Each structure stands twice: as C-alpha cells, then as structure tokens.
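*Asks:* Sharing start.cif below, mmCIF, C-alpha atoms:
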```
data_work
loop_
_atom_site.group_PDB
_atom_site.id
_atom_site.type_symbol
_atom_site.label_atom_id
_atom_site.label_comp_id
_atom_site.auth_asym_id
_atom_site.auth_seq_id
_atom_site.Cartn_x
_atom_site.Cartn_y
_atom_site.Cartn_z
ATOM 1 C CA MET M 712 118.224 201.228 112.891
ATOM 2 C CA VAL M 713 114.432 201.009 113.014
ATOM 3 C CA LYS M 714 114.560 197.579 111.410
ATOM 4 C CA ASN M 715 116.928 196.300 114.146
ATOM 5 C CA PHE M 716 114.708 197.783 116.842
ATOM 6 C CA LEU M 717 111.595 196.105 115.425
ATOM 7 C CA LEU M 718 113.423 192.776 115.068
ATOM 8 C CA GLY M 719 114.598 192.968 118.689
ATOM 9 C CA PHE M 720 111.143 193.928 119.930
ATOM 10 C CA ALA M 721 109.539 191.078 117.962
ATOM 11 C CA SER M 722 112.037 188.590 119.425
ATOM 12 C CA ILE M 723 111.308 189.722 122.979
ATOM 13 C CA ALA M 724 107.549 189.640 122.381
ATOM 14 C CA LEU M 725 107.788 186.113 120.990
ATOM 15 C CA ALA M 726 109.838 184.943 123.976
ATOM 16 C CA VAL M 727 107.315 186.415 126.421
ATOM 17 C CA ALA M 728 104.383 184.863 124.536
ATOM 18 C CA SER M 729 105.956 181.415 124.462
ATOM 19 C CA ALA M 730 106.872 181.562 128.153
ATOM 20 C CA ALA M 731 103.260 182.362 128.998
ATOM 21 C CA SER M 732 102.065 179.045 127.553
ATOM 22 C CA SER M 733 104.390 176.748 129.511
ATOM 23 C CA TYR M 734 103.492 175.544 133.010
ATOM 24 C CA ASN M 735 104.615 173.002 135.583
ATOM 25 C CA VAL M 736 102.188 170.349 136.794
ATOM 26 C CA THR M 737 102.613 167.501 139.270
ATOM 27 C CA PHE M 738 100.700 164.231 139.064
ATOM 28 C CA TYR M 739 100.578 162.536 142.483
ATOM 29 C CA GLN M 740 99.501 159.183 141.049
ATOM 30 C CA PRO M 741 99.753 157.485 137.641
ATOM 31 C CA VAL M 742 97.336 159.094 135.163
ATOM 32 C CA MET M 743 96.110 158.493 131.617
ATOM 33 C CA ILE M 744 96.270 161.217 128.976
ATOM 34 C CA ASN M 745 95.290 160.538 125.390
ATOM 35 C CA GLY M 746 95.702 156.779 125.798
ATOM 36 C CA SER M 747 99.159 157.073 127.366
ATOM 37 C CA GLU M 748 99.938 156.314 130.993
ATOM 38 C CA LEU M 749 102.051 158.898 132.780
ATOM 39 C CA LYS M 750 103.788 157.997 136.025
ATOM 40 C CA ALA M 751 103.456 160.159 139.113
ATOM 41 C CA GLY M 752 105.894 163.067 139.008
ATOM 42 C CA ASP M 753 106.604 166.572 137.775
ATOM 43 C CA TYR M 754 105.852 167.482 134.163
ATOM 44 C CA LYS M 755 106.064 170.498 131.891
ATOM 45 C CA LEU M 756 102.755 171.411 130.228
ATOM 46 C CA GLU M 757 102.941 173.425 127.012
ATOM 47 C CA LEU M 758 99.850 174.768 125.295
ATOM 48 C CA ARG M 759 100.042 175.035 121.502
ATOM 49 C CA ASP M 760 96.853 176.107 119.755
ATOM 50 C CA LYS M 761 94.412 173.295 120.609
ATOM 51 C CA THR M 762 97.054 170.820 121.784
ATOM 52 C CA ALA M 763 98.572 170.144 125.197
ATOM 53 C CA VAL M 764 102.135 168.832 125.134
ATOM 54 C CA ILE M 765 103.156 167.112 128.373
ATOM 55 C CA LYS M 766 106.893 166.505 128.825
ATOM 56 C CA GLN M 767 109.082 164.757 131.359
ATOM 57 C CA GLY M 768 112.657 164.343 130.213
ATOM 58 C CA LYS M 769 112.557 162.810 126.727
ATOM 59 C CA ALA M 770 109.024 161.433 127.157
ATOM 60 C CA VAL M 771 106.415 163.539 125.339
ATOM 61 C CA THR M 772 102.640 163.075 125.204
ATOM 62 C CA GLU M 773 100.308 165.234 123.122
ATOM 63 C CA ALA M 774 96.553 165.561 123.469
ATOM 64 C CA PRO M 775 93.839 167.708 121.890
ATOM 65 C CA VAL M 776 92.352 170.171 124.383
ATOM 66 C CA THR M 777 89.986 173.074 124.738
ATOM 67 C CA ILE M 778 91.450 176.051 126.568
ATOM 68 C CA GLN M 779 88.975 178.023 128.638
ATOM 69 C CA ASN M 780 89.443 181.240 130.589
ATOM 70 C CA ASP M 781 87.346 181.526 133.726
ATOM 71 C CA SER M 782 86.307 184.719 135.505
ATOM 72 C CA GLN M 783 88.677 184.271 138.452
ATOM 73 C CA LYS M 784 92.252 183.095 138.946
ATOM 74 C CA TYR M 785 92.998 179.698 140.466
ATOM 75 C CA GLN M 786 95.108 179.815 143.627
ATOM 76 C CA ARG M 787 96.924 176.553 142.822
ATOM 77 C CA THR M 788 97.208 174.085 139.996
ATOM 78 C CA ALA M 789 94.605 171.325 140.239
ATOM 79 C CA VAL M 790 94.137 168.187 138.154
ATOM 80 C CA ARG M 791 90.604 166.822 137.748
ATOM 81 C CA LEU M 792 90.428 163.065 137.163
ATOM 82 C CA ASN M 793 87.781 160.569 136.129
ATOM 83 C CA GLY M 794 89.305 157.400 137.552
ATOM 84 C CA SER M 795 92.870 157.746 136.293
ATOM 85 C CA GLN M 796 91.907 159.713 133.160
ATOM 86 C CA VAL M 797 92.815 163.424 133.250
ATOM 87 C CA GLU M 798 89.726 165.476 132.385
ATOM 88 C CA GLU M 799 91.088 168.962 133.024
ATOM 89 C CA ILE M 800 93.930 170.931 134.544
ATOM 90 C CA ARG M 801 93.309 174.266 136.248
ATOM 91 C CA ILE M 802 96.510 176.269 136.169
ATOM 92 C CA GLY M 803 97.402 178.046 139.410
ATOM 93 C CA GLY M 804 98.007 181.794 139.227
ATOM 94 C CA THR M 805 95.943 182.053 136.036
ATOM 95 C CA SER M 806 92.304 181.817 135.025
ATOM 96 C CA THR M 807 93.175 179.103 132.479
ATOM 97 C CA ARG M 808 91.443 175.743 132.455
ATOM 98 C CA VAL M 809 92.707 173.055 130.061
ATOM 99 C CA VAL M 810 89.918 170.583 129.193
ATOM 100 C CA PHE M 811 91.076 167.333 127.564
ATOM 101 C CA ASP M 812 89.152 165.854 124.616
ATOM 102 C CA LYS M 813 87.318 162.724 125.772
ATOM 103 C CA THR M 814 87.512 160.947 122.393
ATOM 104 C CA SER M 815 91.218 161.358 121.651
ATOM 105 C CA ASN M 816 93.676 158.621 120.678
ATOM 106 C CA ALA M 817 97.323 158.173 121.631
ATOM 107 C CA THR M 818 99.769 160.274 119.604
ATOM 108 C CA ASN M 819 103.134 159.767 121.261
#
```
Could you write out this file's structure as structure tokens?

*Replies:*
Amino acid sequence: MVKNFLLGFASIALAVASAASSYNVTFYQPVMINGSELKAGDYKLELRDKTAVIKQGKAVTEAPVTIQNDSQKYQRTAVRLNGSQVEEIRIGGTSTRVVFDKTSNATN
C-alpha cells in the first residue's frame, strides 16, 4: 500500500516538474538559434539541464543555454535578438531568463 502511494506521488511530482520546464514562445520574424534558421511562428521551448529544445511540429532545434533566475517576474515573454540571432528569452509569468551560448554550433 505504501509502495503504491509513493509510486503514485513520484509520478505526479515528475509530471509537475516536467510541465514546469516547457513554455510557449512566438518569434515574429525569422531568427537564428544555434546555426539553424527558424521561421516566424509559435514554438514550444523545453529546458533540459543546460539545453534548450525548440520544437515546431516535427522540426527540433537544440542549443546550449545558461538558465538564470532574476529577482522579479517578467510580465510577458520577450525575445532579445542581436540581428537575427537569439541571445536570450525572458519567460513571461516567471523570473526565468534563458541565455543562449554565443559559440554554439548547429545540432539539429
């Protein structure tokens, strides 16, 4: 009985933890991430350790990132660009800032 309870609790905790690291982001113009060009549109951003995984349909791009937590929450998601290169994404409703590695290579 206790074993089943702990297994159920662990499953729920894992589901909540994984949901907390997945976000929606919209690019309003074509952007470059990790050497790959992404068209304007809506994407799913998943954070796994020190890697950002950006998905749209079957297309997947991965990039090394540094995840920073700021002192205040962002009101909306904002993408910071250098030309067309994504430098960071500030995730709305959180204090999370995803900073992309400037020396990364394409991995998709």

*Asks:* Quick check on the file I pasted: which residues fall under the PyMOL selection byres ((chain M and resi 767) around 8)? Write them as a list in words.

*Replies:*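 This file gives the following for the PyMOL selection byres ((chain M and resi 767) around 8): Asp753, Tyr754, Lys755, Ile765, Lys766, Gly768, Lys769, Ala770 and Val771 of chain M.
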
*Asks:* Produce a file of the selected residues containing C-alpha atoms, as a PDB file, in the coordinates of the input.

*Replies:*
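What landed in part.pdb:
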```pdb
ATOM      1  CA  ASP M 753     106.604 166.572 137.775  1.00  0.00           C
ATOM      2  CA  TYR M 754     105.852 167.482 134.163  1.00  0.00           C
ATOM      3  CA  LYS M 755     106.064 170.498 131.891  1.00  0.00           C
ATOM      4  CA  ILE M 765     103.156 167.112 128.373  1.00  0.00           C
ATOM      5  CA  LYS M 766     106.893 166.505 128.825  1.00  0.00           C
ATOM      6  CA  GLY M 768     112.657 164.343 130.213  1.00  0.00           C
ATOM      7  CA  LYS M 769     112.557 162.810 126.727  1.00  0.00           C
ATOM      8  CA  ALA M 770     109.024 161.433 127.157  1.00  0.00           C
ATOM      9  CA  VAL M 771     106.415 163.539 125.339  1.00  0.00           C
TER      10      VAL M 771
END
```

*Asks:* For the file shown, what are the residues hit by the PyMOL selection byres ((chain M and resi 782) around 12), laid out as a count of residues only?

*Replies:* 10

*Asks:* What is the distance, in Å and to one decimal place, between CA of Thr777 (chain M) and CA of Ala763 (chain M)?

*Replies:*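 If I compute the distance from CA of Thr777 (chain M) to CA of Ala763 (chain M), I get 9.1 Å.
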
*Asks:* Within 8 Å of (103.8, 163.4, 144.6), in the coordinates the file gives, what residues turn up when you count only C-alpha atoms, written out as a list in words?

*Replies:*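 Residues satisfying the cut-off, written out: Thr737, Phe738, Tyr739, Gln740, Ala751 and Gly752 of chain M.
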
*Asks:* I'd like to see the residues matched by the PyMOL selection byres ((chain M and resi 812) around 12) on this file, and ideally I'd get them as a PyMOL selection string.

*Replies:* chain M and resi 744-746+761-763+773-778+796-799+809-811+813-817

*Asks:* Just the number, please: distance in Å from CA of Ile802 (chain M) to CA of Lys750 (chain M), one decimal.

*Replies:*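 About the pair CA of Ile802 (chain M) and CA of Lys750 (chain M): they are 19.7 Å apart.
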
*Asks:* Mind giving me the axis-aligned box for region 793-811 of chain M with 3 Å on every side, centre plus edges in Å to one decimal, as AutoDock Vina command-line options?

*Replies:*
```
--center_x 92.9 --center_y 169.7 --center_z 133.5 --size_x 16.2 --size_y 30.7 --size_z 17.8
```

*Asks:* What is the CA of Val764 (chain M) to CA of Ser795 (chain M) distance in Å?

*Replies:*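 Computing the Euclidean distance for CA of Val764 (chain M) and CA of Ser795 (chain M) yields 18.3 Å.
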
*Asks:* Taking all atoms listed in the file into account, name the residue in M:Val742, M:Leu749, M:Val736, M:Leu756 that is nearest to Asn793 (chain M).

*Replies:*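 Result for the nearest residue to Asn793 (chain M): M:Val742.
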
*Asks:* Please write as a list of chain:residue names the list of polymer residues whose atoms come within 8 Å of (92.5, 167.2, 140.6), counting only C-alpha atoms and keeping to the coordinates of the file.

*Replies:*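 Every residue inside that radius is included here: M:Ala789, M:Val790, M:Arg791, M:Leu792, M:Glu799, M:Ile800.
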
*Asks:* Output the selection as a PDB file, keeping the file's coordinate frame - C-alpha atoms for each residue.

*Replies:*
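Output file out_34.pdb follows:
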```pdb
ATOM      1  CA  ALA M 789      94.605 171.325 140.239  1.00  0.00           C
ATOM      2  CA  VAL M 790      94.137 168.187 138.154  1.00  0.00           C
ATOM      3  CA  ARG M 791      90.604 166.822 137.748  1.00  0.00           C
ATOM      4  CA  LEU M 792      90.428 163.065 137.163  1.00  0.00           C
ATOM      5  CA  GLU M 799      91.088 168.962 133.024  1.00  0.00           C
ATOM      6  CA  ILE M 800      93.930 170.931 134.544  1.00  0.00           C
TER       7      ILE M 800
END
```

*Asks:* Could you rebuild region 780-794 of chain M with N, CA and C atoms and give me the result as a PDB file, keeping the file's coordinate frame?

*Replies:*
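File produced: result.pdb:
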```
ATOM      1  N   ASN M 780      89.045 180.221 129.614  1.00  0.00           N
ATOM      2  CA  ASN M 780      89.443 181.240 130.589  1.00  0.00           C
ATOM      3  C   ASN M 780      88.243 181.538 131.473  1.00  0.00           C
ATOM      4  N   ASP M 781      88.418 181.302 132.772  1.00  0.00           N
ATOM      5  CA  ASP M 781      87.346 181.526 133.726  1.00  0.00           C
ATOM      6  C   ASP M 781      87.405 182.961 134.255  1.00  0.00           C
ATOM      7  N   SER M 782      86.405 183.342 135.031  1.00  0.00           N
ATOM      8  CA  SER M 782      86.307 184.719 135.505  1.00  0.00           C
ATOM      9  C   SER M 782      87.259 185.031 136.651  1.00  0.00           C
ATOM     10  N   GLN M 783      87.751 184.018 137.346  1.00  0.00           N
ATOM     11  CA  GLN M 783      88.677 184.271 138.452  1.00  0.00           C
ATOM     12  C   GLN M 783      89.924 183.406 138.333  1.00  0.00           C
ATOM     13  N   LYS M 784      90.999 183.844 138.983  1.00  0.00           N
ATOM     14  CA  LYS M 784      92.252 183.095 138.946  1.00  0.00           C
ATOM     15  C   LYS M 784      92.194 181.933 139.939  1.00  0.00           C
ATOM     16  N   TYR M 785      92.871 180.848 139.570  1.00  0.00           N
ATOM     17  CA  TYR M 785      92.998 179.698 140.466  1.00  0.00           C
ATOM     18  C   TYR M 785      94.184 179.936 141.391  1.00  0.00           C
ATOM     19  N   GLN M 786      94.021 179.610 142.663  1.00  0.00           N
ATOM     20  CA  GLN M 786      95.108 179.815 143.627  1.00  0.00           C
ATOM     21  C   GLN M 786      96.241 178.825 143.412  1.00  0.00           C
ATOM     22  N   ARG M 787      95.905 177.590 143.040  1.00  0.00           N
ATOM     23  CA  ARG M 787      96.924 176.553 142.822  1.00  0.00           C
ATOM     24  C   ARG M 787      96.512 175.685 141.647  1.00  0.00           C
ATOM     25  N   THR M 788      97.482 174.986 141.106  1.00  0.00           N
ATOM     26  CA  THR M 788      97.208 174.085 139.996  1.00  0.00           C
ATOM     27  C   THR M 788      96.468 172.863 140.524  1.00  0.00           C
ATOM     28  N   ALA M 789      95.406 172.481 139.837  1.00  0.00           N
ATOM     29  CA  ALA M 789      94.605 171.325 140.239  1.00  0.00           C
ATOM     30  C   ALA M 789      94.319 170.467 139.020  1.00  0.00           C
ATOM     31  N   VAL M 790      94.403 169.146 139.217  1.00  0.00           N
ATOM     32  CA  VAL M 790      94.137 168.187 138.154  1.00  0.00           C
ATOM     33  C   VAL M 790      92.841 167.477 138.482  1.00  0.00           C
ATOM     34  N   ARG M 791      91.885 167.506 137.553  1.00  0.00           N
ATOM     35  CA  ARG M 791      90.604 166.822 137.748  1.00  0.00           C
ATOM     36  C   ARG M 791      90.656 165.492 137.005  1.00  0.00           C
ATOM     37  N   LEU M 792      90.364 164.413 137.723  1.00  0.00           N
ATOM     38  CA  LEU M 792      90.428 163.065 137.163  1.00  0.00           C
ATOM     39  C   LEU M 792      89.055 162.426 137.111  1.00  0.00           C
ATOM     40  N   ASN M 793      88.906 161.491 136.173  1.00  0.00           N
ATOM     41  CA  ASN M 793      87.781 160.569 136.129  1.00  0.00           C
ATOM     42  C   ASN M 793      88.429 159.191 136.178  1.00  0.00           C
ATOM     43  N   GLY M 794      88.494 158.602 137.371  1.00  0.00           N
ATOM     44  CA  GLY M 794      89.305 157.400 137.552  1.00  0.00           C
ATOM     45  C   GLY M 794      90.755 157.819 137.466  1.00  0.00           C
TER      46      GLY M 794
END
```
